[in-house]
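Peer 1: start-v5.cif (mmCIF, C-alpha atoms) pasted underneath:
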```cif
data_target
#
loop_
_atom_site.label_atom_id
_atom_site.label_comp_id
_atom_site.auth_asym_id
_atom_site.auth_seq_id
_atom_site.Cartn_x
_atom_site.Cartn_y
_atom_site.Cartn_z
CA MET B 1 81.36 102.32 121.67
CA SER B 2 85.04 102.01 120.90
CA PRO B 3 86.10 100.15 117.73
CA LEU B 4 87.95 97.66 119.93
CA LEU B 5 84.90 96.88 122.04
CA PHE B 6 82.71 96.74 118.94
CA GLY B 7 85.09 94.25 117.40
CA MET B 8 85.06 92.14 120.59
CA LEU B 9 81.28 92.08 120.74
CA GLY B 10 80.87 91.46 117.04
CA CYS B 11 81.59 88.25 115.28
CA SER B 12 82.49 87.80 111.67
CA LEU B 13 79.67 87.20 109.21
CA VAL B 14 81.76 84.74 107.29
CA LEU B 15 84.47 82.87 109.14
CA SER B 16 87.92 82.67 107.68
CA VAL B 17 88.38 80.00 105.10
CA GLN B 18 89.62 77.25 107.36
CA ALA B 19 88.37 73.69 107.58
CA MET B 20 86.30 72.94 110.66
CA TYR B 21 87.99 69.55 110.87
CA SER B 22 91.68 68.69 110.56
CA SER B 23 93.75 65.63 109.64
CA SER B 24 94.26 64.92 113.34
CA ASP B 25 90.53 64.29 113.77
CA ASP B 26 88.81 61.00 112.98
CA VAL B 27 86.34 62.91 110.82
CA ILE B 28 87.17 62.32 107.14
CA GLU B 29 87.13 65.49 105.06
CA LEU B 30 85.13 64.91 101.89
CA THR B 31 85.29 66.91 98.65
CA PRO B 32 84.01 66.45 95.08
CA SER B 33 87.37 64.89 94.25
CA ASN B 34 87.21 62.06 96.80
CA PHE B 35 83.50 61.69 97.61
CA ASN B 36 82.77 59.08 94.98
CA ARG B 37 85.84 57.02 95.87
CA GLU B 38 85.44 57.26 99.65
CA VAL B 39 81.67 57.08 100.04
CA ILE B 40 79.84 55.90 96.91
CA GLN B 41 82.22 53.04 96.10
CA SER B 42 82.52 51.98 99.73
CA ASP B 43 80.81 49.02 101.38
CA SER B 44 80.95 50.85 104.71
CA LEU B 45 78.11 52.70 106.38
CA TRP B 46 78.77 56.44 106.27
CA LEU B 47 77.46 59.35 108.32
CA VAL B 48 78.18 62.58 106.45
CA GLU B 49 77.71 66.08 107.79
CA PHE B 50 77.19 68.89 105.27
CA TYR B 51 78.21 72.11 106.99
CA ALA B 52 79.14 75.77 106.46
CA PRO B 53 82.00 77.33 108.44
CA TRP B 54 79.93 80.41 109.29
CA CYS B 55 77.02 78.36 110.67
CA GLY B 56 76.71 78.61 114.46
CA HIS B 57 74.90 75.28 114.81
CA CYS B 58 77.70 73.63 112.81
CA GLN B 59 80.30 75.09 115.15
CA ASN B 60 78.36 73.73 118.13
CA LEU B 61 78.09 70.30 116.49
CA ALA B 62 81.80 70.01 115.59
CA PRO B 63 83.15 68.75 118.96
CA GLU B 64 80.31 66.21 119.26
CA TRP B 65 80.88 65.07 115.67
CA LYS B 66 84.58 64.53 116.42
CA LYS B 67 83.79 62.50 119.57
CA ALA B 68 81.34 60.34 117.65
CA ALA B 69 83.88 59.77 114.87
CA THR B 70 86.46 58.59 117.37
CA ALA B 71 83.97 56.26 119.08
CA LEU B 72 82.85 54.79 115.73
CA LYS B 73 86.34 54.44 114.26
CA GLY B 74 86.68 51.10 112.46
CA ILE B 75 82.92 50.50 112.72
CA VAL B 76 81.15 53.32 110.87
CA LYS B 77 82.79 55.99 108.70
CA VAL B 78 82.13 59.59 109.74
CA GLY B 79 82.78 62.38 107.23
CA ALA B 80 82.15 66.06 106.67
CA VAL B 81 81.64 68.23 103.59
CA ASP B 82 82.16 72.00 103.56
CA ALA B 83 79.02 72.57 101.50
CA ASP B 84 79.60 76.31 101.47
CA GLN B 85 82.81 75.75 99.52
CA HIS B 86 81.58 72.69 97.60
CA LYS B 87 78.06 73.85 96.72
CA SER B 88 77.73 71.34 93.89
CA LEU B 89 78.17 68.42 96.28
CA GLY B 90 75.61 69.79 98.70
CA GLY B 91 73.20 70.50 95.88
CA GLN B 92 73.59 66.97 94.56
CA TYR B 93 72.08 65.67 97.80
CA GLY B 94 69.46 68.35 98.28
CA VAL B 95 71.16 70.18 101.13
CA ARG B 96 69.21 73.36 101.92
CA GLY B 97 70.32 74.17 105.47
CA PHE B 98 73.21 73.59 107.83
CA PRO B 99 74.16 71.31 109.36
CA THR B 100 72.52 68.51 107.36
CA ILE B 101 73.47 64.93 108.21
CA LYS B 102 72.95 62.09 105.74
CA VAL B 103 73.27 58.34 106.30
CA PHE B 104 74.78 56.53 103.31
CA GLY B 105 73.81 52.90 103.76
CA ALA B 106 72.94 50.09 101.36
CA ASN B 107 71.91 52.37 98.49
CA LYS B 108 74.58 55.05 98.40
CA ASN B 109 72.72 57.06 95.77
CA LYS B 110 69.69 57.45 98.04
CA PRO B 111 71.05 58.43 101.47
CA GLU B 112 68.64 58.84 104.36
CA GLU B 113 68.23 61.97 106.43
CA TYR B 114 69.57 61.61 109.98
CA GLN B 115 66.82 62.66 112.39
CA GLY B 116 68.48 61.96 115.74
CA GLY B 117 69.97 64.18 118.42
CA ARG B 118 73.15 66.19 118.07
CA SER B 119 75.11 64.88 121.06
CA SER B 120 77.95 62.44 120.47
CA GLN B 121 76.01 59.71 122.28
CA ALA B 122 72.89 60.28 120.16
CA ILE B 123 74.97 60.23 116.96
CA VAL B 124 76.67 56.97 117.97
CA ASP B 125 73.30 55.41 118.86
CA GLY B 126 71.85 56.49 115.51
CA ALA B 127 74.84 55.07 113.65
CA MET B 128 74.62 51.72 115.42
CA ASN B 129 70.89 51.46 114.70
CA ALA B 130 71.56 52.16 111.02
CA LEU B 131 74.35 49.58 111.03
CA ARG B 132 72.09 46.90 112.54
CA THR B 133 69.50 47.61 109.87
CA LEU B 134 72.13 47.30 107.13
CA VAL B 135 73.42 43.98 108.50
CA LYS B 136 69.88 42.56 108.75
CA GLU B 137 69.22 43.52 105.12
CA ARG B 138 72.38 41.78 104.01
CA LEU B 139 71.51 38.64 105.99
CA SER B 140 68.06 38.53 104.43
CA GLY B 141 69.52 38.98 100.96
CA LYS B 142 67.79 42.32 100.38
CA SER B 143 71.09 44.10 99.95
CA GLY B 144 74.30 42.79 98.50
CA GLY B 145 76.42 45.70 99.63
CA SER B 146 77.21 48.72 97.51
CA SER B 147 77.86 47.05 94.16
CA TYR B 148 79.73 49.79 92.35
CA ASN B 149 78.34 49.14 88.92
CA LYS B 150 74.80 48.96 90.27
CA GLN B 151 75.18 52.19 92.20
CA GLN B 152 76.71 54.03 89.30
CA SER B 153 74.04 52.99 86.84
CA SER B 154 71.30 54.23 89.19
CA GLY B 155 73.01 57.54 89.91
CA GLY B 156 71.92 59.30 86.72
CA SER B 157 70.10 58.92 83.47
CA LYS B 158 71.69 58.45 80.06
CA LYS B 159 68.79 60.43 78.60
CA ASP B 160 70.28 63.58 80.16
CA VAL B 161 73.47 63.08 78.14
CA VAL B 162 72.73 64.59 74.72
CA GLU B 163 73.83 62.38 71.82
CA LEU B 164 75.78 64.57 69.42
CA THR B 165 76.52 63.76 65.79
CA ASP B 166 78.11 65.29 62.71
CA ASP B 167 74.62 66.41 61.66
CA ASN B 168 73.40 68.06 64.87
CA PHE B 169 76.59 69.31 66.53
CA ASP B 170 76.70 72.84 65.12
CA GLU B 171 73.03 73.57 65.69
CA THR B 172 72.87 71.95 69.12
CA VAL B 173 76.18 73.13 70.58
CA LEU B 174 77.75 75.96 68.61
CA ASN B 175 74.51 77.91 68.05
CA SER B 176 73.35 77.43 71.63
CA ASP B 177 73.41 80.11 74.32
CA ASP B 178 74.05 77.37 76.88
CA VAL B 179 77.45 76.11 78.03
CA TRP B 180 78.36 72.60 76.88
CA LEU B 181 80.72 69.96 78.21
CA VAL B 182 81.23 67.45 75.42
CA GLU B 183 82.85 64.05 75.77
CA PHE B 184 84.44 62.52 72.67
CA PHE B 185 84.59 58.75 73.21
CA ALA B 186 85.23 55.43 71.54
CA PRO B 187 83.01 52.41 72.41
CA TRP B 188 86.06 50.12 72.85
CA CYS B 189 87.84 52.53 75.23
CA GLY B 190 88.07 51.23 78.82
CA HIS B 191 88.46 54.70 80.33
CA CYS B 192 85.38 55.81 78.42
CA LYS B 193 83.38 52.92 79.90
CA ASN B 194 84.50 53.91 83.38
CA LEU B 195 83.51 57.51 82.72
CA GLU B 196 80.08 56.68 81.31
CA PRO B 197 78.14 56.28 84.61
CA GLU B 198 79.91 59.34 86.08
CA TRP B 199 79.03 61.39 83.01
CA ALA B 200 75.40 60.27 83.16
CA ALA B 201 75.05 61.05 86.88
CA ALA B 202 76.69 64.44 86.43
CA ALA B 203 74.45 65.25 83.44
CA THR B 204 71.33 64.69 85.52
CA ALA B 205 72.56 66.74 88.46
CA VAL B 206 73.86 69.59 86.33
CA LYS B 207 70.69 69.80 84.29
CA GLU B 208 68.66 70.17 87.49
CA GLN B 209 70.97 72.59 89.26
CA THR B 210 71.53 74.93 86.31
CA LYS B 211 68.00 74.68 84.90
CA GLY B 212 69.49 73.41 81.66
CA LYS B 213 71.93 76.29 81.24
CA VAL B 214 74.88 73.88 81.31
CA ARG B 215 74.51 70.68 79.30
CA LEU B 216 76.54 67.50 78.93
CA GLY B 217 76.84 65.77 75.58
CA ALA B 218 78.74 62.87 74.04
CA VAL B 219 80.14 62.19 70.56
CA ASP B 220 81.07 58.71 69.33
CA ALA B 221 84.29 59.80 67.66
CA THR B 222 84.65 56.51 65.78
CA VAL B 223 81.40 57.21 63.92
CA HIS B 224 81.22 61.01 63.74
CA GLN B 225 84.69 61.69 62.46
CA VAL B 226 83.98 65.06 60.82
CA VAL B 227 83.34 66.92 64.06
CA SER B 228 85.99 64.89 65.90
CA SER B 229 88.63 65.76 63.31
CA ARG B 230 87.63 69.42 63.45
CA TYR B 231 88.64 69.55 67.10
CA GLY B 232 91.75 67.41 66.76
CA ILE B 233 90.59 64.49 68.88
CA ARG B 234 93.48 62.04 69.27
CA GLY B 235 92.77 60.20 72.52
CA PHE B 236 89.76 58.95 74.43
CA PRO B 237 87.94 60.14 76.32
CA THR B 238 88.57 63.80 75.48
CA ILE B 239 86.32 66.40 77.10
CA LYS B 240 85.96 69.93 75.77
CA VAL B 241 84.09 73.00 77.03
CA PHE B 242 82.07 74.98 74.47
CA ARG B 243 80.79 78.51 75.03
CA LYS B 244 79.02 80.47 72.34
CA GLY B 245 81.35 82.66 70.32
CA GLU B 246 84.51 81.34 71.99
CA GLU B 247 87.11 78.78 71.05
CA PRO B 248 86.55 75.44 72.83
CA GLU B 249 88.85 74.69 75.74
CA ASP B 250 90.11 71.40 77.11
CA TYR B 251 88.51 70.18 80.32
CA GLN B 252 91.27 69.79 82.92
CA GLY B 253 89.30 68.50 85.92
CA GLY B 254 88.81 65.11 87.52
CA ARG B 255 86.62 62.34 86.13
CA THR B 256 84.27 61.68 89.06
CA ARG B 257 80.72 62.96 89.00
CA GLY B 258 81.60 65.36 91.81
CA ASP B 259 84.50 66.84 89.84
CA ILE B 260 82.37 67.19 86.73
CA ILE B 261 79.49 68.80 88.61
CA GLU B 262 81.82 71.23 90.37
CA LYS B 263 83.34 72.34 87.05
CA ALA B 264 79.88 72.68 85.52
CA MET B 265 78.69 74.85 88.41
CA ASP B 266 81.78 77.05 88.05
CA LEU B 267 80.98 77.47 84.37
CA PHE B 268 77.38 78.25 85.26
CA SER B 269 78.47 80.93 87.74
CA ASP B 270 80.91 82.43 85.22
CA ASN B 271 78.18 82.75 82.61
CA ALA B 272 75.25 83.54 84.88
CA PRO B 273 74.01 87.14 84.96
CA ALA B 274 74.78 89.21 88.02
CA PRO B 275 72.05 89.16 90.69
CA GLU B 276 69.38 91.78 90.18
CA LEU B 277 69.69 95.00 92.18
CA LEU B 278 66.26 95.56 93.75
CA GLU B 279 64.69 98.57 95.41
CA ILE B 280 63.11 97.75 98.78
CA LEU B 281 59.47 98.42 97.96
CA ASN B 282 57.85 96.18 100.56
CA GLU B 283 58.55 93.56 103.21
CA ASP B 284 58.47 90.67 100.73
CA VAL B 285 61.40 92.06 98.73
CA LEU B 286 63.61 92.29 101.82
CA LYS B 287 62.49 88.98 103.29
CA LYS B 288 62.91 86.89 100.15
CA THR B 289 66.25 88.41 99.17
CA CYS B 290 67.83 88.14 102.61
CA GLU B 291 66.43 84.72 103.50
CA ASP B 292 67.51 83.20 100.17
CA SER B 293 71.08 84.50 100.42
CA GLN B 294 73.94 84.02 102.86
CA LEU B 295 74.37 87.78 102.86
CA CYS B 296 72.23 90.61 101.53
CA ILE B 297 73.98 93.86 100.70
CA ILE B 298 71.80 96.92 101.36
CA ALA B 299 72.56 100.49 100.34
CA VAL B 300 70.75 103.51 101.75
CA LEU B 301 71.14 106.23 99.15
CA PRO B 302 70.68 109.99 99.61
CA HIS B 303 67.26 111.51 98.95
CA ILE B 304 66.61 112.15 95.28
CA LEU B 305 66.45 115.91 95.95
CA ASP B 306 70.03 115.76 97.21
CA THR B 307 71.55 113.93 94.24
CA GLY B 308 69.19 114.12 91.28
CA ALA B 309 68.76 111.20 88.90
CA SER B 310 72.35 111.33 87.60
CA GLY B 311 73.83 111.18 91.11
CA ARG B 312 71.61 108.30 92.14
CA ASN B 313 72.34 106.37 88.96
CA GLY B 314 76.03 106.80 89.70
CA TYR B 315 75.62 105.07 93.05
CA LEU B 316 73.47 102.34 91.51
CA ASP B 317 76.07 101.75 88.78
CA VAL B 318 78.71 101.14 91.46
CA MET B 319 76.43 98.57 93.12
CA VAL B 320 75.72 96.82 89.82
CA LYS B 321 79.46 96.50 89.15
CA MET B 322 80.04 95.06 92.62
CA ALA B 323 77.15 92.61 92.19
CA GLU B 324 78.79 91.42 88.97
CA LYS B 325 82.19 91.14 90.64
CA TYR B 326 80.81 89.05 93.52
CA LYS B 327 78.11 87.15 91.63
CA LYS B 328 79.62 83.76 92.48
CA LYS B 329 78.83 84.47 96.13
CA LEU B 330 75.10 84.42 95.26
CA TRP B 331 74.45 87.35 97.62
CA GLY B 332 71.34 89.50 97.44
CA TRP B 333 71.58 93.20 96.50
CA LEU B 334 69.08 95.84 97.65
CA TRP B 335 68.77 99.61 97.95
CA THR B 336 66.42 102.16 99.46
CA GLU B 337 66.19 105.93 99.71
CA ALA B 338 67.14 107.74 102.89
CA GLY B 339 64.05 108.22 105.02
CA ALA B 340 61.93 105.65 103.18
CA GLN B 341 62.66 102.80 105.62
CA LEU B 342 63.38 104.48 108.95
CA GLU B 343 63.08 101.31 111.05
CA LEU B 344 65.61 99.55 108.81
CA GLU B 345 68.00 102.48 109.17
CA ALA B 346 67.54 102.52 112.93
CA SER B 347 68.21 98.78 113.25
CA LEU B 348 71.46 99.27 111.33
CA GLY B 349 72.48 102.36 113.26
CA ILE B 350 72.47 104.48 110.10
CA GLY B 351 69.53 106.80 110.70
CA GLY B 352 69.68 110.42 109.66
CA PHE B 353 73.24 110.94 108.48
CA GLY B 354 76.15 109.56 106.51
CA TYR B 355 74.45 108.85 103.17
CA PRO B 356 75.15 106.91 101.07
CA ALA B 357 75.52 104.05 103.55
CA MET B 358 75.87 100.30 103.08
CA ALA B 359 75.32 97.29 105.30
CA ALA B 360 75.74 93.53 104.83
CA ILE B 361 73.12 91.48 106.69
CA ASN B 362 73.24 87.80 107.60
CA ALA B 363 69.54 87.10 108.17
CA ARG B 364 70.19 83.63 109.60
CA LYS B 365 72.36 84.99 112.39
CA MET B 366 70.68 88.43 112.62
CA LYS B 367 74.10 90.06 112.34
CA PHE B 368 75.22 92.97 110.21
CA ALA B 369 78.36 94.88 109.27
CA LEU B 370 78.61 98.47 108.08
CA LEU B 371 80.72 99.92 105.30
CA ARG B 372 83.27 102.18 107.01
CA GLY B 373 85.14 103.25 103.88
CA SER B 374 84.06 105.19 100.84
CA PHE B 375 80.99 104.33 98.79
CA SER B 376 83.09 103.54 95.72
CA GLU B 377 84.19 100.46 93.82
CA THR B 378 87.43 100.43 95.78
CA GLY B 379 85.81 101.04 99.17
CA ILE B 380 83.02 98.51 98.69
CA HIS B 381 85.41 95.90 97.27
CA GLU B 382 87.61 96.23 100.35
CA PHE B 383 84.56 95.96 102.63
CA LEU B 384 83.22 92.82 100.93
CA ARG B 385 86.66 91.24 100.61
CA GLU B 386 87.18 91.62 104.36
CA LEU B 387 83.81 89.98 105.02
CA SER B 388 84.64 87.14 102.63
CA VAL B 389 87.71 86.19 104.65
CA GLY B 390 86.09 86.72 108.04
CA ARG B 391 87.74 89.96 109.10
CA GLY B 392 84.68 92.20 109.28
CA SER B 393 83.34 93.25 112.67
CA THR B 394 79.61 92.85 113.12
CA ALA B 395 76.81 93.68 115.52
CA THR B 396 73.39 92.24 116.25
CA LEU B 397 70.54 93.60 114.17
CA GLY B 398 68.42 95.92 116.29
CA GLY B 399 66.02 93.83 118.37
CA GLY B 400 67.38 90.61 116.91
CA VAL B 401 64.63 90.54 114.26
CA MET B 402 64.20 91.94 110.78
CA PRO B 403 62.73 95.47 111.00
CA LYS B 404 59.33 96.52 109.75
CA ILE B 405 59.36 97.59 106.11
CA ASN B 406 57.04 100.22 104.65
CA ALA B 407 55.39 99.77 101.27
CA VAL B 408 56.67 102.54 98.98
CA GLU B 409 56.36 103.53 95.34
CA ALA B 410 59.22 102.57 93.03
CA TRP B 411 61.54 105.32 91.91
CA ASP B 412 60.50 106.56 88.47
CA GLY B 413 64.08 107.22 87.36
CA LYS B 414 63.58 110.99 87.26
CA ASP B 415 64.91 113.97 89.20
CA GLY B 416 63.01 114.81 92.35
CA GLN B 417 60.64 117.76 92.56
CA LEU B 418 59.89 119.97 95.52
CA PRO B 419 56.26 119.87 96.69
CA VAL B 420 54.18 122.52 94.91
CA GLU B 421 52.78 125.09 97.34
CA GLU B 422 49.09 125.96 96.98
CA GLU B 423 48.54 129.35 95.32
CA TYR B 424 46.01 131.87 96.65
CA ASP B 425 44.24 134.54 94.55
CA LEU B 426 44.68 137.85 96.38
CA SER B 427 43.37 140.09 93.55
CA ASP B 428 40.10 140.89 95.32
CA ILE B 429 41.78 141.96 98.53
CA ASP B 430 42.61 145.65 99.07
CA LEU B 431 45.78 145.41 101.09
CA ASP B 432 45.59 149.15 101.92
CA GLU B 433 42.07 148.95 103.35
CA ASP B 434 41.82 150.08 106.96
CA PHE B 435 40.31 147.43 109.21
CA ASP B 436 37.67 148.37 111.73
CA LYS B 437 39.35 148.29 115.08
CA ASP B 438 36.32 146.44 116.49
CA GLU B 439 37.08 143.57 114.07
CA LEU B 440 40.57 143.14 115.43
#
```
Written as structure tokens, how would this file's structure read?
Peer 2:
Amino acid sequence: MSPLLFGMLGCSLVLSVQAMYSSSDDVIELTPSNFNREVIQSDSLWLVEFYAPWCGHCQNLAPEWKKAATALKGIVKVGAVDADQHKSLGGQYGVRGFPTIKVFGANKNKPEEYQGGRSSQAIVDGAMNALRTLVKERLSGKSGGSSYNKQQSSGGSKKDVVELTDDNFDETVLNSDDVWLVEFFAPWCGHCKNLEPEWAAAATAVKEQTKGKVRLGAVDATVHQVVSSRYGIRGFPTIKVFRKGEEPEDYQGGRTRGDIIEKAMDLFSDNAPAPELLEILNEDVLKKTCEDSQLCIIAVLPHILDTGASGRNGYLDVMVKMAEKYKKKLWGWLWTEAGAQLELEASLGIGGFGYPAMAAINARKMKFALLRGSFSETGIHEFLRELSVGRGSTATLGGGVMPKINAVEAWDGKDGQLPVEEEYDLSDIDLDEDFDKDEL
């Protein structure tokens, strides 16, 4: 197949970084910077789609979502979040797949899952039903709208903001392996009071999403003046980022919970270890890695007899470096030996030659792309960079399903050995003895 035809038949694993909706649409683009202001503080009913640009179902939904937004203009707000770009915002609302549609009604901090159809008519009908319910609640006095203060106070827990003092600061923050965002505040400060509910909500979300690896704390600088003076606190609130063994840096982001969460998740990604490089030993390893990741990067390395341990470790070192370089992508990284997983090789069109080889698989779409350049840091970086911006050509995985995986023994880290041939004792045989012709 010619490269041109292959490119026409293939489709990019990751679409170019372009918004699915534009300013000319009636769909409001939502980000961590404006989500709180537009949605949480609003008295309006909101329908919000959480999508990923590479998601086929999202692409199919887009024209219907636009039609619904136009029909509902001035009645119900319709928005969209690129949750692939703004992972923190999607994670805050438990988004696990795409597209996910949430209805933000009376209680903005507890949106409901939209369960209706995906046509513009079905979306409009669902929105109007939700609107009628909201109006009835307000008439009955069950809901007084989206009282900002009430919503903010229920969005997080103060207990997740660690109270820091002159006595516990060094042990809690400076000696910790975790990353800390610390707010220095004054009780009389109006900006500090406005930040308090945002800080509490962000603390709860960040604690959950980072498993406690990024923490939010607060210092009353009017009381604990030793630590505040140490860091030259002159205005309130002042937020600083603390990482073990490094000088603290000033936080430069926005003050909404979305902004704070996004910064915290960036810090988490920066400090998180690279994803583990796993050998494909059984079906579970492949399935879990590829299903849990947008892409899984698979290398098929030469047989151990062809490279020895040092040669194989050289290839694995290159993969480890690339996994570190692209760790923010949260991709999965796998490898196998040539000949160990023949059905996998066949489904990728690798089989039998061209080792080492590499493929990137999108298990959701059953698409893959092959490394065409060199198996080197430069070659792999170029391959993955092209995929990241949507320029890689892809094909459908053989049969449209994940291939069968054989259970194999893990590599022991040693050089390979040729099979030992069985030895025969020929000492009792007289090779010069004449055989009886009748025995022949």
Peer 1: Let me know the residues the PyMOL selection byres ((chain B and resi 252) around 12) catches in the file above, as number ranges by chain.
Peer 2: B: 181, 238-241, 249-251, 253-255, 259-260, 263
Peer 1: Given the PyMOL selection byres ((chain B and resi 305-307) around 12) and the file above, list the residues it selects as a tab-separated table (two decimals) with C-alpha atoms, keeping the file's coordinate frame.
Peer 2:
```tsv
chain	number	residue	atom	x	y	z
B	301	LEU	CA	71.14	106.23	99.15
B	302	PRO	CA	70.68	109.99	99.61
B	303	HIS	CA	67.26	111.51	98.95
B	304	ILE	CA	66.61	112.15	95.28
B	308	GLY	CA	69.19	114.12	91.28
B	309	ALA	CA	68.76	111.20	88.90
B	310	SER	CA	72.35	111.33	87.60
B	311	GLY	CA	73.83	111.18	91.11
B	312	ARG	CA	71.61	108.30	92.14
B	313	ASN	CA	72.34	106.37	88.96
B	314	GLY	CA	76.03	106.80	89.70
B	315	TYR	CA	75.62	105.07	93.05
B	337	GLU	CA	66.19	105.93	99.71
B	338	ALA	CA	67.14	107.74	102.89
B	355	TYR	CA	74.45	108.85	103.17
B	356	PRO	CA	75.15	106.91	101.07
B	414	LYS	CA	63.58	110.99	87.26
B	415	ASP	CA	64.91	113.97	89.20
B	416	GLY	CA	63.01	114.81	92.35
B	417	GLN	CA	60.64	117.76	92.56
B	418	LEU	CA	59.89	119.97	95.52
B	419	PRO	CA	56.26	119.87	96.69
```
Peer 1: What is the distance, in Å and to one decimal place, between atom CA of Leu295 of chain B and atom CA of Asn406 of chain B?
Peer 2: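 For atom CA of Leu295 of chain B relative to atom CA of Asn406 of chain B, the distance reads 21.4 Å.
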Peer 1: Starting from the displayed file, determine the output of the PyMOL selection byres ((chain B and resi 115) around 9) and express the residue list as number ranges by chain.
Peer 2: B: 101, 113-114, 116-117, 126
Peer 1: Closest to Gly212 of chain B among B:Ala340, B:Val179, B:Val135, B:Ile233, using all atoms listed in the file?
Peer 2: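 Closest residue, counting all atoms listed in the file: B:Val179.
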Peer 1: With all atoms listed in the file as the counted atoms, please give the residues lying no more than 6 Å from Trp180 of chain B, apart from itself and same-chain residues fewer than 2 positions off, as a ChimeraX atom specification.
Peer 2: /B:214-216,241-242
Peer 1: Counting all atoms listed in the file, which of B:Trp331, B:Asp178, B:Asp82, B:Leu164 gets nearest to Lys288 of chain B?
Peer 2: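 Looking at the shortest contact to Lys288 of chain B, the residue is B:Trp331.
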Peer 1: In Å to one decimal, how far is atom CA of Ile123 of chain B from atom CA of Trp65 of chain B?
Peer 2: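 Distance reported for this atom pair: 7.7 Å.
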Peer 1: Find the distance between atom CA of Asp266 of chain B and atom CA of Lys87 of chain B and write it in Å to one decimal.
Peer 2: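 Separation between atom CA of Asp266 of chain B and atom CA of Lys87 of chain B: 10.0 Å.
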Peer 1: Considering all atoms listed in the file, give me a table of residues in segment 265-342 of chain B that are at most 12 Å from segment 360-374 of chain B, with the closest atom pair and distance in Å for each, as a tab-separated table.
Peer 2:
```
residue	atom	partner	partner_atom	distance
B:Leu286	CA	B:Ala363	CA	10.1
B:Lys287	CA	B:Ala363	CA	8.8
B:Lys288	CA	B:Ala363	CA	10.4
B:Thr289	CA	B:Ala363	CA	9.7
B:Cys290	CA	B:Ala363	CA	5.9
B:Glu291	CA	B:Ala363	CA	6.1
B:Asp292	CA	B:Ala363	CA	9.1
B:Ser293	CA	B:Asn362	CA	8.2
B:Gln294	CA	B:Asn362	CA	6.1
B:Leu295	CA	B:Asn362	CA	4.9
B:Cys296	CA	B:Ile361	CA	5.3
B:Ile297	CA	B:Ala360	CA	4.5
B:Ile298	CA	B:Ala360	CA	6.2
B:Ala299	CA	B:Ala360	CA	8.9
B:Val300	CA	B:Leu371	CA	11.2
B:Tyr315	CA	B:Ser374	CA	11.5
B:Val318	CA	B:Ser374	CA	11.5
B:Trp331	CA	B:Ala360	CA	9.6
B:Gly332	CA	B:Ala360	CA	9.5
B:Trp333	CA	B:Ala360	CA	9.3
B:Leu334	CA	B:Ala360	CA	10.1
B:Trp335	CA	B:Ala360	CA	11.5
```
Peer 1: Determine, counting only C-alpha atoms, which protein, DNA and RNA residues have an atom within 9 Å of an atom of Ala69 of chain B; residues of the same chain fewer than 3 positions away are not included. Present the result as a ChimeraX atom specification.
Peer 2: /B:25-28,64-66,72-73,76-79,120,124
Peer 1: Could you take the residues named above and write them with C-alpha atoms, as a PDB file, keeping the file's coordinate frame?
Peer 2:
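As a result, again_10.pdb now contains:
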```pdb
ATOM      1  CA  ASP B  25      90.530  64.290 113.770  1.00  0.00           C
ATOM      2  CA  ASP B  26      88.810  61.000 112.980  1.00  0.00           C
ATOM      3  CA  VAL B  27      86.340  62.910 110.820  1.00  0.00           C
ATOM      4  CA  ILE B  28      87.170  62.320 107.140  1.00  0.00           C
ATOM      5  CA  GLU B  64      80.310  66.210 119.260  1.00  0.00           C
ATOM      6  CA  TRP B  65      80.880  65.070 115.670  1.00  0.00           C
ATOM      7  CA  LYS B  66      84.580  64.530 116.420  1.00  0.00           C
ATOM      8  CA  LEU B  72      82.850  54.790 115.730  1.00  0.00           C
ATOM      9  CA  LYS B  73      86.340  54.440 114.260  1.00  0.00           C
ATOM     10  CA  VAL B  76      81.150  53.320 110.870  1.00  0.00           C
ATOM     11  CA  LYS B  77      82.790  55.990 108.700  1.00  0.00           C
ATOM     12  CA  VAL B  78      82.130  59.590 109.740  1.00  0.00           C
ATOM     13  CA  GLY B  79      82.780  62.380 107.230  1.00  0.00           C
ATOM     14  CA  SER B 120      77.950  62.440 120.470  1.00  0.00           C
ATOM     15  CA  VAL B 124      76.670  56.970 117.970  1.00  0.00           C
TER      16      VAL B 124
END
```
Peer 1: Would you mind telling me which residue in B:His381, B:Arg96, B:Arg37, B:Lys136 lies nearest to Arg257 of chain B when using all atoms listed in the file?
Peer 2: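 Smallest distance to Arg257 of chain B is found for B:Arg37.
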